[in-house]
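**Student:** Have a peek at upload.cif (mmCIF, C-alpha atoms).
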```cif
data_protein
#
loop_
_atom_site.label_atom_id
_atom_site.label_comp_id
_atom_site.auth_asym_id
_atom_site.auth_seq_id
_atom_site.Cartn_x
_atom_site.Cartn_y
_atom_site.Cartn_z
CA MET U 545 -8.03 5.04 -60.63
CA ILE U 546 -8.82 3.53 -57.23
CA ARG U 547 -5.11 3.43 -56.41
CA ARG U 548 -4.73 7.11 -57.32
CA THR U 549 -7.73 8.05 -55.16
CA VAL U 550 -6.38 6.15 -52.14
CA THR U 551 -2.93 7.69 -52.59
CA ARG U 552 -4.46 11.15 -52.73
CA ALA U 553 -6.45 10.49 -49.56
CA LEU U 554 -3.45 9.18 -47.66
CA ASP U 555 -1.02 11.82 -48.86
CA PRO U 556 -1.67 14.37 -46.04
CA LEU U 557 -1.25 11.61 -43.44
CA LEU U 558 1.98 10.39 -45.02
CA ARG U 559 3.38 13.91 -45.14
CA SER U 560 2.45 14.40 -41.47
CA VAL U 561 4.26 11.22 -40.53
CA ARG U 562 7.32 12.29 -42.50
CA ARG U 563 7.32 15.69 -40.75
CA ARG U 564 6.86 14.26 -37.28
CA PRO U 565 10.53 13.40 -36.61
CA VAL U 566 11.44 17.00 -37.41
CA VAL U 567 8.77 18.33 -35.07
CA TYR U 568 9.80 15.94 -32.31
CA GLY U 569 13.42 16.90 -32.83
CA LEU U 570 12.68 20.61 -32.56
CA ALA U 571 10.56 20.03 -29.47
CA ALA U 572 13.37 18.02 -27.87
CA VAL U 573 15.91 20.77 -28.61
CA PHE U 574 13.56 23.38 -27.14
CA LEU U 575 12.97 21.37 -23.97
CA MET U 576 16.68 20.70 -23.52
CA SER U 577 17.47 24.39 -23.92
CA LEU U 578 15.01 25.52 -21.22
CA PRO U 579 17.34 24.85 -18.26
CA ILE U 580 20.16 26.73 -20.00
CA LEU U 581 17.82 29.62 -20.77
CA ALA U 582 16.63 29.67 -17.16
CA VAL U 583 20.22 29.91 -15.92
CA PHE U 584 20.95 32.86 -18.24
CA VAL U 585 17.74 34.67 -17.26
CA ALA U 586 18.40 34.20 -13.55
CA GLU U 587 21.97 35.39 -14.00
CA ALA U 588 20.81 38.48 -15.89
CA VAL U 589 18.28 39.38 -13.19
CA VAL U 590 20.28 38.60 -10.04
CA GLU U 591 23.92 39.37 -10.84
CA PRO U 592 23.42 43.18 -11.18
CA TYR U 593 22.69 43.25 -7.43
CA ASP U 594 26.43 42.67 -7.03
CA THR U 595 26.70 46.48 -7.20
CA TYR U 596 25.34 46.59 -3.62
CA VAL U 597 28.25 44.48 -2.32
CA LEU U 598 30.47 47.01 -0.56
CA SER U 599 33.77 47.20 1.26
CA PRO U 600 33.52 47.67 5.06
CA ASP U 601 34.49 51.34 4.68
CA LYS U 602 31.64 51.92 2.24
CA VAL U 603 29.22 50.09 4.54
CA ARG U 604 30.13 52.45 7.37
CA ASP U 605 29.27 55.37 5.13
CA GLU U 606 25.76 53.97 4.70
CA HIS U 607 25.13 54.07 8.51
CA VAL U 608 23.19 50.82 8.58
CA LYS U 609 22.49 49.78 12.17
CA VAL U 610 21.79 46.04 11.78
CA GLY U 611 23.66 43.27 10.02
CA MET U 612 22.49 39.74 9.23
CA VAL U 613 24.70 36.65 9.00
CA LEU U 614 23.20 33.87 6.90
CA GLY U 615 23.75 30.27 7.95
CA ALA U 616 26.03 27.97 5.98
CA GLY U 617 26.00 24.70 7.87
CA ILE U 618 27.34 23.23 11.11
CA THR U 619 29.09 20.01 12.04
CA ASP U 620 27.51 17.13 13.96
CA ASP U 621 28.98 18.51 17.19
CA GLY U 622 27.54 21.99 16.60
CA LYS U 623 30.54 23.87 15.21
CA PRO U 624 30.17 26.27 12.24
CA PHE U 625 31.55 25.06 8.93
CA ARG U 626 34.57 26.90 7.53
CA GLU U 627 32.47 29.10 5.21
CA LEU U 628 30.14 30.03 8.08
CA ARG U 629 33.08 30.88 10.35
CA ALA U 630 34.33 33.25 7.65
CA ARG U 631 30.96 35.03 7.54
CA LEU U 632 30.92 35.30 11.33
CA ASP U 633 34.49 36.61 11.41
CA VAL U 634 33.68 39.41 8.96
CA ALA U 635 30.47 40.26 10.83
CA ALA U 636 32.28 40.34 14.18
CA GLU U 637 34.83 42.72 12.70
CA GLY U 638 31.96 44.88 11.45
CA LEU U 639 30.59 45.06 14.99
CA ARG U 640 34.00 45.87 16.43
CA ARG U 641 34.55 48.68 13.92
CA GLY U 642 31.10 50.13 14.50
CA ASP U 643 29.87 49.39 10.97
CA VAL U 644 26.73 47.88 12.52
CA ASP U 645 25.37 47.89 16.08
CA LYS U 646 23.68 44.49 16.17
CA LEU U 647 23.63 41.18 14.28
CA ILE U 648 20.76 38.90 13.32
CA LEU U 649 22.04 35.31 13.20
CA SER U 650 19.67 33.67 10.76
CA GLY U 651 19.87 29.93 10.25
CA ASP U 652 18.14 26.57 10.21
CA ASN U 653 16.73 25.01 13.37
CA ARG U 654 13.98 22.82 11.98
CA PHE U 655 15.34 19.85 13.96
CA THR U 656 16.23 19.91 17.67
CA SER U 657 19.59 18.32 16.84
CA TYR U 658 20.46 21.00 14.26
CA ASP U 659 20.70 24.56 15.57
CA GLU U 660 22.64 26.95 13.34
CA PRO U 661 21.72 30.21 15.15
CA THR U 662 22.90 28.92 18.53
CA ALA U 663 26.14 27.59 17.02
CA MET U 664 26.70 30.99 15.41
CA MET U 665 26.01 32.83 18.65
CA LYS U 666 28.28 30.54 20.68
CA TYR U 667 31.12 31.02 18.18
CA LEU U 668 30.81 34.81 18.28
CA ILE U 669 30.71 34.92 22.09
CA ASP U 670 33.36 32.29 22.84
CA VAL U 671 35.80 32.89 19.98
CA LYS U 672 35.26 36.52 18.93
CA ASP U 673 34.31 37.98 22.35
CA VAL U 674 31.12 39.58 21.03
CA PRO U 675 28.68 40.66 23.80
CA ALA U 676 25.52 38.56 23.84
CA ASP U 677 23.29 41.65 23.83
CA LYS U 678 24.63 42.49 20.35
CA LEU U 679 23.24 39.24 18.93
CA GLN U 680 19.73 38.20 17.93
CA ARG U 681 19.11 34.61 16.90
CA ASP U 682 16.64 33.86 14.11
CA PHE U 683 15.68 30.20 14.40
CA ALA U 684 13.51 30.05 11.28
CA GLY U 685 15.94 31.20 8.59
CA ARG U 686 15.66 27.93 6.69
CA SER U 687 16.42 29.60 3.36
CA THR U 688 17.69 32.95 2.14
CA TYR U 689 14.17 33.90 1.09
CA GLU U 690 12.82 33.14 4.57
CA SER U 691 15.69 34.95 6.30
CA CYS U 692 14.96 38.08 4.26
CA GLN U 693 11.22 37.92 4.81
CA ARG U 694 11.65 37.45 8.54
CA ALA U 695 14.18 40.30 8.70
CA HIS U 696 11.42 42.57 7.42
CA ASP U 697 8.23 41.07 8.82
CA VAL U 698 9.45 39.83 12.22
CA PHE U 699 12.50 41.95 13.03
CA GLY U 700 11.14 45.12 11.43
CA GLN U 701 14.20 45.98 9.36
CA SER U 702 14.08 48.44 6.46
CA ARG U 703 17.89 48.72 6.08
CA LEU U 704 20.30 45.84 6.42
CA VAL U 705 23.85 44.64 5.81
CA VAL U 706 24.13 40.97 4.86
CA TYR U 707 27.33 39.05 5.59
CA SER U 708 27.81 36.05 3.33
CA ALA U 709 29.93 34.51 0.57
CA GLY U 710 30.54 36.71 -2.47
CA SER U 711 28.72 34.37 -4.86
CA HIS U 712 25.69 34.28 -2.56
CA LEU U 713 25.35 38.00 -1.88
CA PRO U 714 23.70 39.15 -5.15
CA ARG U 715 20.89 36.63 -4.58
CA ALA U 716 20.55 37.51 -0.90
CA ILE U 717 20.42 41.23 -1.70
CA TYR U 718 17.93 40.62 -4.53
CA LEU U 719 15.61 38.70 -2.18
CA CYS U 720 15.89 41.13 0.73
CA ARG U 721 15.25 44.11 -1.54
CA HIS U 722 12.20 42.24 -2.85
CA PHE U 723 10.82 42.56 0.68
CA GLY U 724 11.45 46.29 0.75
CA ILE U 725 14.72 46.24 2.70
CA GLU U 726 17.47 48.60 1.55
CA THR U 727 20.17 45.95 1.58
CA TYR U 728 23.94 45.95 1.19
CA GLY U 729 26.40 43.10 1.42
CA VAL U 730 29.90 42.39 2.71
CA ALA U 731 31.68 39.33 1.30
CA SER U 732 33.34 36.83 3.59
CA GLY U 733 36.00 35.78 1.10
CA VAL U 734 35.33 32.03 1.58
CA GLU U 735 33.10 30.06 -0.79
CA ALA U 736 31.47 26.67 -0.30
CA ASN U 737 33.05 23.88 -2.34
CA ASN U 738 29.88 23.42 -4.41
CA ALA U 739 29.09 27.14 -4.87
CA GLY U 740 29.75 27.08 -8.62
CA ARG U 741 27.21 24.31 -9.16
CA ARG U 742 24.68 25.30 -6.53
CA GLU U 743 24.35 29.05 -7.02
CA PRO U 744 22.97 29.04 -10.62
CA LEU U 745 20.16 26.70 -9.53
CA ALA U 746 19.53 28.73 -6.37
CA ARG U 747 19.12 31.87 -8.47
CA ILE U 748 16.49 30.15 -10.61
CA LYS U 749 14.66 29.19 -7.42
CA ALA U 750 14.91 32.79 -6.19
CA LEU U 751 13.15 34.05 -9.32
CA TYR U 752 10.49 31.37 -8.91
CA ASN U 753 9.93 32.36 -5.28
CA VAL U 754 9.65 36.05 -6.14
CA HIS U 755 7.48 35.80 -9.26
CA VAL U 756 5.54 32.54 -8.91
CA ARG U 757 5.33 31.11 -5.42
CA GLY U 758 7.12 32.13 -2.23
CA GLU U 759 8.33 29.93 0.59
CA ASN U 760 6.15 28.82 3.50
CA THR U 761 7.96 31.19 5.82
CA ILE U 762 7.36 30.77 9.53
CA LEU U 763 6.42 34.16 10.92
CA GLY U 764 5.31 35.24 14.35
CA SER U 765 5.14 38.13 16.75
CA PRO U 766 7.39 41.11 15.99
CA VAL U 767 10.79 41.18 17.71
CA LYS U 768 12.23 44.59 18.55
CA LEU U 769 15.98 44.91 18.09
#
```
Represent the structure of the file as structure tokens.
**Tutor:**
Amino acid sequence: MIRRTVTRALDPLLRSVRRRPVVYGLAAVFLMSLPILAVFVAEAVVEPYDTYVLSPDKVRDEHVKVGMVLGAGITDDGKPFRELRARLDVAAEGLRRGDVDKLILSGDNRFTSYDEPTAMMKYLIDVKDVPADKLQRDFAGRSTYESCQRAHDVFGQSRLVVYSAGSHLPRAIYLCRHFGIETYGVASGVEANNAGRREPLARIKALYNVHVRGENTILGSPVKL
């Protein structure tokens, strides 16, 4: 009798213990699937902005006055990396053809020894023969989000052409349009070696920045182009 009473009292606890591995297993599967789900959600939100990536002829039809080249790294001696040179080449051609009238060169200059905008400007002047008065350096474009915000808040742009790698452009256009800029893109044709691994994570971060918490963008006085 006593044994039966004790068994009855312990039965719910024993059943809970027996169920626990199943619960833990389901929780583990759910947690492991979250990163995969985040990648798919970010892809579904950002990739449709690929429709705003245009050929140079189509860009000319849009009559956008200002283009923006996004930084992609420089060497220790201040030369643009291969993927950045490709972006600059396409942007310089856009200037030459009259697709845009001026370029914002937006890059990272958080350290005195690392100055993407100046390296970009020097390349365009020295190698592509672009007049200096056609170029505007943006020294605080530390991320795509910050470049887009500064294009709107500092440089006063409501329409923009972004020159970057094809895989990067949907995210750049998504972020710039978030700030109210009617944005189009022209692809450089050269991708970074790690683009396939980096871009899915960067798109997740873009959604986080837009919907949860933005970047600590450095702003300042307006700059008239």
**Student:** Check the smallest atom-to-atom distance from each of U:Arg629, U:Arg640, U:Lys768, U:Arg747 to Ala709 in chain U using all atoms listed in the file, then report the winner.
**Tutor:**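 Closest candidate: U:Arg629.
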**Student:** Please indicate the distance in Å from CA of Cys692 in chain U to CA of Gly651 in chain U, rounded to one decimal place.
**Tutor:**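 CA of Gly651 in chain U lies at a distance of 11.2 Å from CA of Cys692 in chain U.
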**Student:** In Å, with one decimal, what is the gap from CA of Arg742 in chain U to CA of His712 in chain U?
**Tutor:**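 Separation between CA of Arg742 in chain U and CA of His712 in chain U: 9.9 Å.
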**Student:** Just want the 8 Å neighbourhood of Asp682 in chain U, counted on only C-alpha atoms, with same-chain residues fewer than 4 positions away dropped. Output as JSON, numbers by chain.
**Tutor:** {"U": [648, 649, 650, 651, 661, 691]}
**Student:** Rank U:His722, U:Pro714, U:Leu647, U:Asp652 by their smallest atom-to-atom distance to Asp677 in chain U, using only C-alpha atoms, and report the top residue only.
**Tutor:**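 Closest candidate: U:Leu647.
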**Student:** With distances taken over all atoms listed in the file, which of U:Ser687, U:Met664, U:Gly638, U:Val590 is nearest to Phe625 in chain U?
**Tutor:**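 Smallest distance to Phe625 in chain U is found for U:Met664.
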**Student:** Within 8 Å of (31.9, 26.8, 18.1) in the file's own coordinates, which protein, DNA or RNA residues have an atom, counting all atoms listed in the file? List them as a list in words.
**Tutor:**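 Using all atoms listed in the file, the matching residues come out as Gly622, Lys623, Pro624, Ala663, Met664, Lys666, Tyr667, Asp670 and Val671 of chain U.
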**Student:** Starting from the shown file, work through the PyMOL selection byres ((chain U and resi 595-609) around 10) and note down what comes out as a PyMOL selection string.
**Tutor:** chain U and resi 591-594+610-611+634-635+637-639+641-647+701-707+710+713-714+717-718+726-731
**Student:** Restricting the calculation to only C-alpha atoms: of U:Glu587, U:Ala636, U:Pro675, U:Glu743, which residue gets closest to Thr688 in chain U?
**Tutor:**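 Ranked by minimum distance to Thr688 in chain U, first place goes to U:Glu743.
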**Student:** Taking all atoms listed in the file into account, name the residue in U:Ser711, U:Ala582, U:Arg686, U:Arg757 that is nearest to Ala736 in chain U.
**Tutor:**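 When distances to Ala736 in chain U are compared using all atoms listed in the file, the smallest one comes from U:Ser711.
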**Student:** List the residues sitting within 8 Å of (35.1, 34.0, 2.7) in the file's frame, using only C-alpha atoms, as JSON, numbers by chain.
**Tutor:** {"U": [627, 630, 631, 708, 709, 710, 731, 732, 733, 734, 735]}
**Student:** Find the distance between CA of Gly724 in chain U and CA of Leu679 in chain U and write it in Å to one decimal.
**Tutor:**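 Separation of CA of Gly724 in chain U and CA of Leu679 in chain U: 22.8 Å.
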